[in-house]
file data_29.cif (mmCIF, C-alpha atoms)
data_model
#
loop_
_atom_site.group_PDB
_atom_site.id
_atom_site.type_symbol
_atom_site.label_atom_id
_atom_site.label_comp_id
_atom_site.auth_asym_id
_atom_site.auth_seq_id
_atom_site.Cartn_x
_atom_site.Cartn_y
_atom_site.Cartn_z
ATOM 1 C CA MET A 1 12.253 8.600 56.275
ATOM 2 C CA THR A 2 14.980 6.023 56.631
ATOM 3 C CA SER A 3 17.934 5.584 54.325
ATOM 4 C CA HIS A 4 17.031 3.766 51.113
ATOM 5 C CA ASN A 5 20.319 1.915 50.955
ATOM 6 C CA LEU A 6 20.492 2.377 47.188
ATOM 7 C CA ASP A 7 23.434 1.090 45.216
ATOM 8 C CA GLN A 8 23.963 4.383 43.378
ATOM 9 C CA PRO A 9 25.947 4.033 40.149
ATOM 10 C CA TRP A 10 26.602 7.783 40.217
ATOM 11 C CA GLY A 11 26.605 10.528 42.817
ATOM 12 C CA ASP A 12 24.378 13.486 43.510
ATOM 13 C CA GLN A 13 26.181 15.763 41.041
ATOM 14 C CA GLN A 14 25.522 13.393 38.152
ATOM 15 C CA LEU A 15 21.875 13.169 39.221
ATOM 16 C CA PHE A 16 21.619 16.967 39.352
ATOM 17 C CA ILE A 17 23.100 17.213 35.842
ATOM 18 C CA ARG A 18 20.511 14.769 34.472
ATOM 19 C CA LEU A 19 17.661 16.517 36.273
ATOM 20 C CA GLN A 20 18.831 19.938 35.071
ATOM 21 C CA GLN A 21 19.075 18.754 31.454
ATOM 22 C CA ARG A 22 15.541 17.333 31.601
ATOM 23 C CA PHE A 23 14.298 20.464 33.395
ATOM 24 C CA GLU A 24 15.704 22.688 30.646
ATOM 25 C CA GLN A 25 14.411 20.467 27.819
ATOM 26 C CA HIS A 26 10.824 20.587 29.107
ATOM 27 C CA VAL A 27 10.291 24.136 30.409
ATOM 28 C CA LEU A 28 6.543 23.986 29.728
ATOM 29 C CA ARG A 29 6.217 21.521 32.622
ATOM 30 C CA HIS A 30 7.412 24.190 35.099
ATOM 31 C CA PRO A 31 7.304 27.634 33.432
ATOM 32 C CA HIS A 32 7.685 29.736 36.587
ATOM 33 C CA LEU A 33 10.738 28.080 38.112
ATOM 34 C CA THR A 34 14.462 28.340 37.612
ATOM 35 C CA TRP A 35 16.843 25.427 38.013
ATOM 36 C CA HIS A 36 18.743 27.354 40.699
ATOM 37 C CA GLU A 37 15.581 27.550 42.851
ATOM 38 C CA VAL A 38 14.993 23.821 42.441
ATOM 39 C CA LEU A 39 18.590 22.898 43.206
ATOM 40 C CA CYS A 40 18.608 24.986 46.396
ATOM 41 C CA GLN A 41 15.451 23.265 47.614
ATOM 42 C CA LEU A 42 16.841 19.826 46.790
ATOM 43 C CA GLN A 43 20.136 20.428 48.547
ATOM 44 C CA ALA A 44 18.216 21.379 51.696
ATOM 45 C CA GLN A 45 16.284 18.061 51.622
ATOM 46 C CA PRO A 46 18.707 15.103 51.275
ATOM 47 C CA GLU A 47 15.931 12.516 51.759
ATOM 48 C CA LYS A 48 14.313 13.761 48.560
ATOM 49 C CA ILE A 49 17.601 13.403 46.711
ATOM 50 C CA GLN A 50 17.641 9.729 47.701
ATOM 51 C CA SER A 51 14.095 9.311 46.398
ATOM 52 C CA LEU A 52 15.080 10.980 43.129
ATOM 53 C CA HIS A 53 18.029 8.602 42.767
ATOM 54 C CA TRP A 54 15.559 5.710 43.030
ATOM 55 C CA MET A 55 13.134 7.297 40.556
ATOM 56 C CA GLU A 56 15.960 7.831 38.046
ATOM 57 C CA GLN A 57 17.566 4.414 38.535
ATOM 58 C CA THR A 58 14.295 2.570 37.988
ATOM 59 C CA GLY A 59 13.667 4.378 34.689
ATOM 60 C CA GLY A 60 11.205 7.060 35.795
ATOM 61 C CA GLU A 61 12.963 10.050 34.214
ATOM 62 C CA PRO A 62 11.654 12.418 36.917
ATOM 63 C CA ASP A 63 10.884 16.034 36.061
ATOM 64 C CA LEU A 64 9.179 18.846 37.908
ATOM 65 C CA ILE A 65 5.446 19.396 37.344
ATOM 66 C CA GLN A 66 2.932 21.802 38.835
ATOM 67 C CA PHE A 67 -0.423 20.022 39.065
ATOM 68 C CA GLU A 68 -2.443 23.076 40.107
ATOM 69 C CA GLN A 69 -1.975 26.337 38.206
ATOM 70 C CA ASN A 70 -1.995 28.793 41.124
ATOM 71 C CA SER A 71 -0.168 26.637 43.616
ATOM 72 C CA ASP A 72 3.360 26.794 44.999
ATOM 73 C CA GLU A 73 3.420 22.988 45.126
ATOM 74 C CA TYR A 74 5.626 21.253 42.599
ATOM 75 C CA TYR A 75 6.219 17.535 42.252
ATOM 76 C CA PHE A 76 8.946 15.487 40.683
ATOM 77 C CA VAL A 77 6.950 13.021 38.594
ATOM 78 C CA ASP A 78 7.957 10.057 36.447
ATOM 79 C CA CYS A 79 7.933 11.454 32.921
ATOM 80 C CA ALA A 80 9.314 8.430 31.060
ATOM 81 C CA GLU A 81 7.296 7.745 27.904
ATOM 82 C CA GLU A 82 6.350 4.294 29.177
ATOM 83 C CA SER A 83 5.794 3.016 32.709
ATOM 84 C CA PRO A 84 9.247 2.814 34.376
ATOM 85 C CA LYS A 85 10.966 -0.439 33.401
ATOM 86 C CA GLY A 86 12.362 -1.001 36.875
ATOM 87 C CA ARG A 87 8.880 -0.932 38.414
ATOM 88 C CA ARG A 88 6.780 -3.375 36.425
ATOM 89 C CA SER A 89 5.246 -6.798 37.121
ATOM 90 C CA LEU A 90 4.019 -5.768 40.568
ATOM 91 C CA CYS A 91 0.616 -6.171 42.162
ATOM 92 C CA TYR A 92 -1.087 -3.142 43.695
ATOM 93 C CA ASP A 93 -0.387 -3.322 47.465
ATOM 94 C CA ALA A 94 0.851 -5.536 50.324
ATOM 95 C CA GLU A 95 -2.629 -6.959 50.960
ATOM 96 C CA ALA A 96 -2.862 -8.049 47.327
ATOM 97 C CA LEU A 97 0.637 -9.524 47.475
ATOM 98 C CA ALA A 98 -0.274 -11.565 50.575
ATOM 99 C CA ALA A 99 -3.469 -12.819 48.884
ATOM 100 C CA ARG A 100 -1.593 -14.021 45.816
ATOM 101 C CA LYS A 101 -1.087 -17.751 46.482
ATOM 102 C CA GLN A 102 0.463 -18.848 43.165
ATOM 103 C CA ASN A 103 3.261 -17.074 41.325
ATOM 104 C CA PRO A 104 3.392 -13.963 43.509
ATOM 105 C CA PRO A 105 5.312 -10.952 42.176
ATOM 106 C CA GLN A 106 8.398 -9.735 44.020
ATOM 107 C CA ASP A 107 6.655 -6.753 45.611
ATOM 108 C CA SER A 108 3.779 -4.304 45.304
ATOM 109 C CA ALA A 109 3.542 -0.836 43.794
ATOM 110 C CA VAL A 110 2.260 0.869 46.947
ATOM 111 C CA HIS A 111 4.935 -0.730 49.145
ATOM 112 C CA LEU A 112 7.818 0.258 46.867
ATOM 113 C CA ALA A 113 6.529 3.811 46.471
ATOM 114 C CA GLN A 114 6.222 4.241 50.251
ATOM 115 C CA LYS A 115 9.583 2.593 50.899
ATOM 116 C CA MET A 116 11.224 5.135 48.603
ATOM 117 C CA GLY A 117 9.464 8.153 50.106
ATOM 118 C CA THR A 118 7.137 8.753 47.156
ATOM 119 C CA THR A 119 3.443 8.273 46.425
ATOM 120 C CA LEU A 120 1.522 6.776 43.520
ATOM 121 C CA LEU A 121 -0.077 9.355 41.278
ATOM 122 C CA THR A 122 -3.789 9.828 41.741
ATOM 123 C CA GLU A 123 -6.089 9.345 38.773
ATOM 124 C CA GLN A 124 -6.449 13.143 38.515
ATOM 125 C CA GLN A 125 -2.662 13.680 38.610
ATOM 126 C CA TYR A 126 -2.211 10.999 35.953
ATOM 127 C CA HIS A 127 -4.671 12.781 33.672
ATOM 128 C CA GLN A 128 -2.885 16.085 34.282
ATOM 129 C CA LEU A 129 0.453 14.475 33.423
ATOM 130 C CA GLN A 130 -1.048 13.264 30.157
ATOM 131 C CA GLN A 131 -1.815 16.885 29.222
ATOM 132 C CA LEU A 132 1.969 17.454 29.066
ATOM 133 C CA GLY A 133 2.750 14.595 26.693
ATOM 134 C CA ASN A 134 1.809 11.132 25.489
ATOM 135 C CA PHE A 135 2.655 8.639 28.207
ATOM 136 C CA ASP A 136 1.932 4.905 28.546
ATOM 137 C CA GLN A 137 1.039 4.279 24.909
ATOM 138 C CA LYS A 138 2.316 0.680 25.168
ATOM 139 C CA THR A 139 2.256 0.174 28.937
ATOM 140 C CA SER A 140 -0.056 1.042 31.827
ATOM 141 C CA SER A 141 0.427 2.390 35.346
ATOM 142 C CA TRP A 142 -1.254 1.647 38.656
ATOM 143 C CA VAL A 143 -2.748 4.790 40.231
ATOM 144 C CA LYS A 144 -3.805 5.491 43.800
ATOM 145 C CA THR A 145 -7.083 3.653 44.231
ATOM 146 C CA PRO A 146 -9.989 4.994 46.329
ATOM 147 C CA GLU A 147 -10.558 2.985 49.526
ATOM 148 C CA ALA A 148 -14.100 1.999 48.499
ATOM 149 C CA ILE A 149 -12.787 0.260 45.370
ATOM 150 C CA ARG A 150 -9.822 -1.256 47.170
ATOM 151 C CA ALA A 151 -12.086 -2.628 49.940
ATOM 152 C CA LEU A 152 -13.870 -4.671 47.274
ATOM 153 C CA GLY A 153 -10.604 -6.157 45.999
ATOM 154 C CA GLY A 154 -10.082 -3.855 43.027
ATOM 155 C CA ALA A 155 -7.430 -1.366 41.977
ATOM 156 C CA LEU A 156 -7.201 1.246 39.234
ATOM 157 C CA PHE A 157 -4.682 1.691 36.447
ATOM 158 C CA CYS A 158 -4.441 4.071 33.503
ATOM 159 C CA ASP A 159 -2.921 4.299 30.051
ATOM 160 C CA ARG A 160 -3.186 6.184 26.757
ATOM 161 C CA ARG A 161 -4.554 4.447 23.680
ATOM 162 C CA TYR A 162 -6.027 5.798 20.445
ATOM 163 C CA GLY A 163 -5.189 9.358 21.507
ATOM 164 C CA GLN A 164 -7.324 9.015 24.657
ATOM 165 C CA VAL A 165 -6.472 8.509 28.340
ATOM 166 C CA PHE A 166 -8.331 5.602 29.932
ATOM 167 C CA THR A 167 -8.875 4.477 33.519
ATOM 168 C CA TYR A 168 -9.495 0.769 34.100
ATOM 169 C CA HIS A 169 -9.961 -1.601 37.003
ATOM 170 C CA ASN A 170 -8.409 -4.956 37.789
ATOM 171 C CA GLY A 171 -8.048 -7.241 40.766
ATOM 172 C CA ALA A 172 -5.382 -5.696 43.017
ATOM 173 C CA GLU A 173 -3.434 -8.972 43.067
ATOM 174 C CA SER A 174 -2.974 -8.988 39.281
ATOM 175 C CA TYR A 175 0.316 -8.026 37.669
ATOM 176 C CA TYR A 176 1.584 -7.798 34.121
ATOM 177 C CA ALA A 177 4.939 -7.243 32.421
ATOM 178 C CA ALA A 178 3.599 -4.069 30.800
ATOM 179 C CA ARG A 179 2.071 -2.566 33.962
ATOM 180 C CA GLY A 180 4.119 -0.535 36.368
ATOM 181 C CA PHE A 181 3.512 2.592 38.380
ATOM 182 C CA ARG A 182 4.382 6.284 38.333
ATOM 183 C CA VAL A 183 5.117 8.274 41.445
ATOM 184 C CA GLY A 184 5.232 11.853 42.631
ATOM 185 C CA LEU A 185 7.604 13.480 45.097
ATOM 186 C CA GLU A 186 6.610 16.898 46.440
ATOM 187 C CA LEU A 187 9.393 19.457 46.310
#

call {"tool": "encode", "arguments": {"input": "data_29.cif", "output": "structure tokens"}}
result
Amino acid sequence: MTSHNLDQPWGDQQLFIRLQQRFEQHVLRHPHLTWHEVLCQLQAQPEKIQSLHWMEQTGGEPDLIQFEQNSDEYYFVDCAEESPKGRRSLCYDAEALAARKQNPPQDSAVHLAQKMGTTLLTEQQYHQLQQLGNFDQKTSSWVKTPEAIRALGGALFCDRRYGQVFTYHNGAESYYAARGFRVGLEL
């Protein structure tokens, strides 16, 4: 992965302090890990630190989550209550952006996620995240869309309303001020 060229308002130590505080506040998201283990893994992977800077700076409030119970795979996931403020008003992908003739957004969710070394959450991961809290009660988030749906011009997004998690579809070229995207970064 190439350098992200981020204008970082604070250094790695400040990022680690924020991540550690969040990690310790939400131990149920990662009950079998210690912060020391996480920090050692992060320090060995500087490209992931850059991705975490981006996730934090765009309002994602990343924290560590284990999607599968008996797995050694952990992901830093956007755990902000609402879709990250710095990643809204974007269409789904580059193809949708190119197809948008009038009033195109500045970028696409898939492109930004890839550029920053992360991936959009899948629908299943989004639903698992929602088991850990109440997210996107006023906003919505694009999720990784199956190729068959995308080939027909559609894309999926999710939110939580009325105590229930919903999956919807929209044209991939659409974008709204209240729709952003959440990403995962494997540790």

call {"tool": "residues_around", "arguments": {"input": "data_29.cif", "residues": "Thr58 of chain A", "least_positions_apart": "3", "cutoff": "7 Å", "atoms": "only C-alpha atoms", "output": "PyMOL selection string"}}
result
chain A and resi 54-55+84-87

call {"tool": "atom_distance", "arguments": {"input": "data_29.cif", "atom1": "atom CA of Val165 of chain A", "atom2": "atom CA of Gln130 of chain A"}}
result
7.4 Å

call {"tool": "closest_residue", "arguments": {"input": "data_29.cif", "among": "A:Gly180, A:Ile49, A:Trp142, A:Asp136", "to": "Gly163 of chain A", "atoms": "only C-alpha atoms"}}
result
A:Asp136

call {"tool": "resolve_selection", "arguments": {"input": "data_29.cif", "expression": "the PyMOL selection byres ((chain A and resi 181) around 8)", "output": "number ranges by chain"}}
result
A: 83-84, 87-88, 109, 120, 140-143, 179-180, 182-183

call {"tool": "closest_atom_pairs", "arguments": {"input": "data_29.cif", "of": "segment 83-183 of chain A", "to": "segment 28-42 of chain A", "cutoff": "12 Å", "atoms": "all atoms listed in the file", "output": "JSON lines"}}
result
{"residue": "A:Gln128", "atom": "CA", "partner": "A:Arg29", "partner_atom": "CA", "distance": 10.7}
{"residue": "A:Leu129", "atom": "CA", "partner": "A:Arg29", "partner_atom": "CA", "distance": 9.1}
{"residue": "A:Gln130", "atom": "CA", "partner": "A:Arg29", "partner_atom": "CA", "distance": 11.3}
{"residue": "A:Gln131", "atom": "CA", "partner": "A:Arg29", "partner_atom": "CA", "distance": 9.9}
{"residue": "A:Leu132", "atom": "CA", "partner": "A:Arg29", "partner_atom": "CA", "distance": 6.9}
{"residue": "A:Gly133", "atom": "CA", "partner": "A:Arg29", "partner_atom": "CA", "distance": 9.8}

call {"tool": "atom_distance", "arguments": {"input": "data_29.cif", "atom1": "atom CA of Pro62 of chain A", "atom2": "atom CA of Ala155 of chain A"}}
result
24.1 Å

call {"tool": "closest_residue", "arguments": {"input": "data_29.cif", "among": "A:Gly153, A:His26, A:Gln43, A:Gln21", "to": "Ala99 of chain A", "atoms": "all atoms listed in the file"}}
result
A:Gly153

call {"tool": "closest_residue", "arguments": {"input": "data_29.cif", "among": "A:Ala96, A:Ala151, A:Leu52, A:Ile17", "to": "Tyr75 of chain A", "atoms": "all atoms listed in the file"}}
result
A:Leu52

call {"tool": "residues_around", "arguments": {"input": "data_29.cif", "residues": "Tyr92 of chain A", "least_positions_apart": "4", "cutoff": "10 Å", "atoms": "all atoms listed in the file", "output": "CSV table (one decimal) with C-alpha atoms, keeping the file's coordinate frame"}}
result
chain,number,residue,atom,x,y,z
A,96,ALA,CA,-2.9,-8.0,47.3
A,97,LEU,CA,0.6,-9.5,47.5
A,107,ASP,CA,6.7,-6.8,45.6
A,108,SER,CA,3.8,-4.3,45.3
A,109,ALA,CA,3.5,-0.8,43.8
A,110,VAL,CA,2.3,0.9,46.9
A,111,HIS,CA,4.9,-0.7,49.1
A,142,TRP,CA,-1.3,1.6,38.7
A,143,VAL,CA,-2.7,4.8,40.2
A,144,LYS,CA,-3.8,5.5,43.8
A,145,THR,CA,-7.1,3.7,44.2
A,150,ARG,CA,-9.8,-1.3,47.2
A,154,GLY,CA,-10.1,-3.9,43.0
A,155,ALA,CA,-7.4,-1.4,42.0
A,156,LEU,CA,-7.2,1.2,39.2
A,157,PHE,CA,-4.7,1.7,36.4
A,170,ASN,CA,-8.4,-5.0,37.8
A,171,GLY,CA,-8.0,-7.2,40.8
A,172,ALA,CA,-5.4,-5.7,43.0
A,173,GLU,CA,-3.4,-9.0,43.1
A,174,SER,CA,-3.0,-9.0,39.3
A,175,TYR,CA,0.3,-8.0,37.7
A,180,GLY,CA,4.1,-0.5,36.4
A,181,PHE,CA,3.5,2.6,38.4

call {"tool": "closest_residue", "arguments": {"input": "data_29.cif", "among": "A:Ala113, A:Leu64, A:Leu152, A:Leu90", "to": "His169 of chain A", "atoms": "only C-alpha atoms"}}
result
A:Leu152

call {"tool": "residues_near_point", "arguments": {"input": "data_29.cif", "point": "(7.8, 19.8, 44.4)", "cutoff": "6 Å", "atoms": "only C-alpha atoms", "output": "MDAnalysis selection string"}}
result
chainID A and resid 73:76 186:187

call {"tool": "closest_residue", "arguments": {"input": "data_29.cif", "among": "A:Gln50, A:Gln102, A:Ser89, A:Gln45", "to": "Lys115 of chain A", "atoms": "all atoms listed in the file"}}
result
A:Gln50

call {"tool": "build_atoms", "arguments": {"input": "data_29.cif", "residues": "segment 86-118 of chain A", "atoms": "N, CA and C atoms", "output": "short mmCIF file (atom, residue, chain, number, x, y, z; two decimals), keeping the file's coordinate frame"}}
result
data_model
loop_
_atom_site.label_atom_id
_atom_site.label_comp_id
_atom_site.auth_asym_id
_atom_site.auth_seq_id
_atom_site.Cartn_x
_atom_site.Cartn_y
_atom_site.Cartn_z
N GLY A 86 11.94 -0.41 35.61
CA GLY A 86 12.36 -1.00 36.88
C GLY A 86 11.26 -1.14 37.90
N ARG A 87 10.02 -0.86 37.49
CA ARG A 87 8.88 -0.93 38.41
C ARG A 87 7.67 -1.59 37.77
N ARG A 88 7.89 -2.66 37.07
CA ARG A 88 6.78 -3.38 36.42
C ARG A 88 6.62 -4.76 37.03
N SER A 89 5.55 -5.44 36.64
CA SER A 89 5.25 -6.80 37.12
C SER A 89 5.06 -6.83 38.63
N LEU A 90 4.30 -5.87 39.13
CA LEU A 90 4.02 -5.77 40.57
C LEU A 90 2.52 -5.68 40.78
N CYS A 91 2.03 -6.33 41.83
CA CYS A 91 0.62 -6.17 42.16
C CYS A 91 0.43 -4.80 42.83
N TYR A 92 -0.79 -4.49 43.22
CA TYR A 92 -1.09 -3.14 43.70
C TYR A 92 -0.51 -2.83 45.08
N ASP A 93 -0.83 -3.64 46.10
CA ASP A 93 -0.39 -3.32 47.46
C ASP A 93 -0.03 -4.59 48.24
N ALA A 94 0.40 -4.41 49.50
CA ALA A 94 0.85 -5.54 50.32
C ALA A 94 -0.27 -6.54 50.57
N GLU A 95 -1.48 -6.06 50.75
CA GLU A 95 -2.63 -6.96 50.96
C GLU A 95 -2.84 -7.85 49.74
N ALA A 96 -2.72 -7.27 48.56
CA ALA A 96 -2.86 -8.05 47.33
C ALA A 96 -1.72 -9.04 47.18
N LEU A 97 -0.52 -8.64 47.54
CA LEU A 97 0.64 -9.52 47.48
C LEU A 97 0.45 -10.72 48.40
N ALA A 98 -0.05 -10.49 49.62
CA ALA A 98 -0.27 -11.56 50.58
C ALA A 98 -1.37 -12.51 50.10
N ALA A 99 -2.35 -12.00 49.37
CA ALA A 99 -3.47 -12.82 48.88
C ALA A 99 -3.08 -13.66 47.67
N ARG A 100 -2.00 -13.31 47.04
CA ARG A 100 -1.59 -14.02 45.82
C ARG A 100 -0.92 -15.33 46.22
N LYS A 101 -1.59 -16.45 46.03
CA LYS A 101 -1.09 -17.75 46.48
C LYS A 101 -0.13 -18.38 45.47
N GLN A 102 -0.40 -18.25 44.19
CA GLN A 102 0.46 -18.85 43.16
C GLN A 102 1.18 -17.76 42.38
N ASN A 103 2.45 -17.98 42.12
CA ASN A 103 3.26 -17.07 41.32
C ASN A 103 3.18 -15.62 41.79
N PRO A 104 3.46 -15.35 43.05
CA PRO A 104 3.39 -13.96 43.51
C PRO A 104 4.51 -13.12 42.89
N PRO A 105 4.25 -11.84 42.65
CA PRO A 105 5.31 -10.95 42.18
C PRO A 105 6.30 -10.68 43.31
N GLN A 106 7.38 -10.00 43.00
CA GLN A 106 8.40 -9.74 44.02
C GLN A 106 7.96 -8.71 45.05
N ASP A 107 7.06 -7.81 44.68
CA ASP A 107 6.66 -6.75 45.61
C ASP A 107 5.37 -6.12 45.09
N SER A 108 4.97 -5.03 45.74
CA SER A 108 3.78 -4.30 45.30
C SER A 108 4.13 -2.85 45.02
N ALA A 109 3.32 -2.23 44.18
CA ALA A 109 3.54 -0.84 43.79
C ALA A 109 3.47 0.11 44.99
N VAL A 110 2.44 -0.03 45.80
CA VAL A 110 2.26 0.87 46.95
C VAL A 110 3.42 0.72 47.92
N HIS A 111 3.84 -0.50 48.20
CA HIS A 111 4.93 -0.73 49.14
C HIS A 111 6.23 -0.09 48.65
N LEU A 112 6.57 -0.32 47.40
CA LEU A 112 7.82 0.26 46.87
C LEU A 112 7.78 1.78 46.86
N ALA A 113 6.65 2.35 46.48
CA ALA A 113 6.53 3.81 46.47
C ALA A 113 6.73 4.37 47.88
N GLN A 114 6.08 3.77 48.87
CA GLN A 114 6.22 4.24 50.25
C GLN A 114 7.64 4.04 50.76
N LYS A 115 8.22 2.90 50.46
CA LYS A 115 9.58 2.59 50.90
C LYS A 115 10.57 3.64 50.39
N MET A 116 10.32 4.16 49.21
CA MET A 116 11.22 5.14 48.60
C MET A 116 10.81 6.59 48.84
N GLY A 117 9.84 6.79 49.72
CA GLY A 117 9.46 8.15 50.11
C GLY A 117 8.64 8.90 49.07
N THR A 118 7.95 8.16 48.22
CA THR A 118 7.14 8.75 47.16
C THR A 118 5.70 8.25 47.29
#
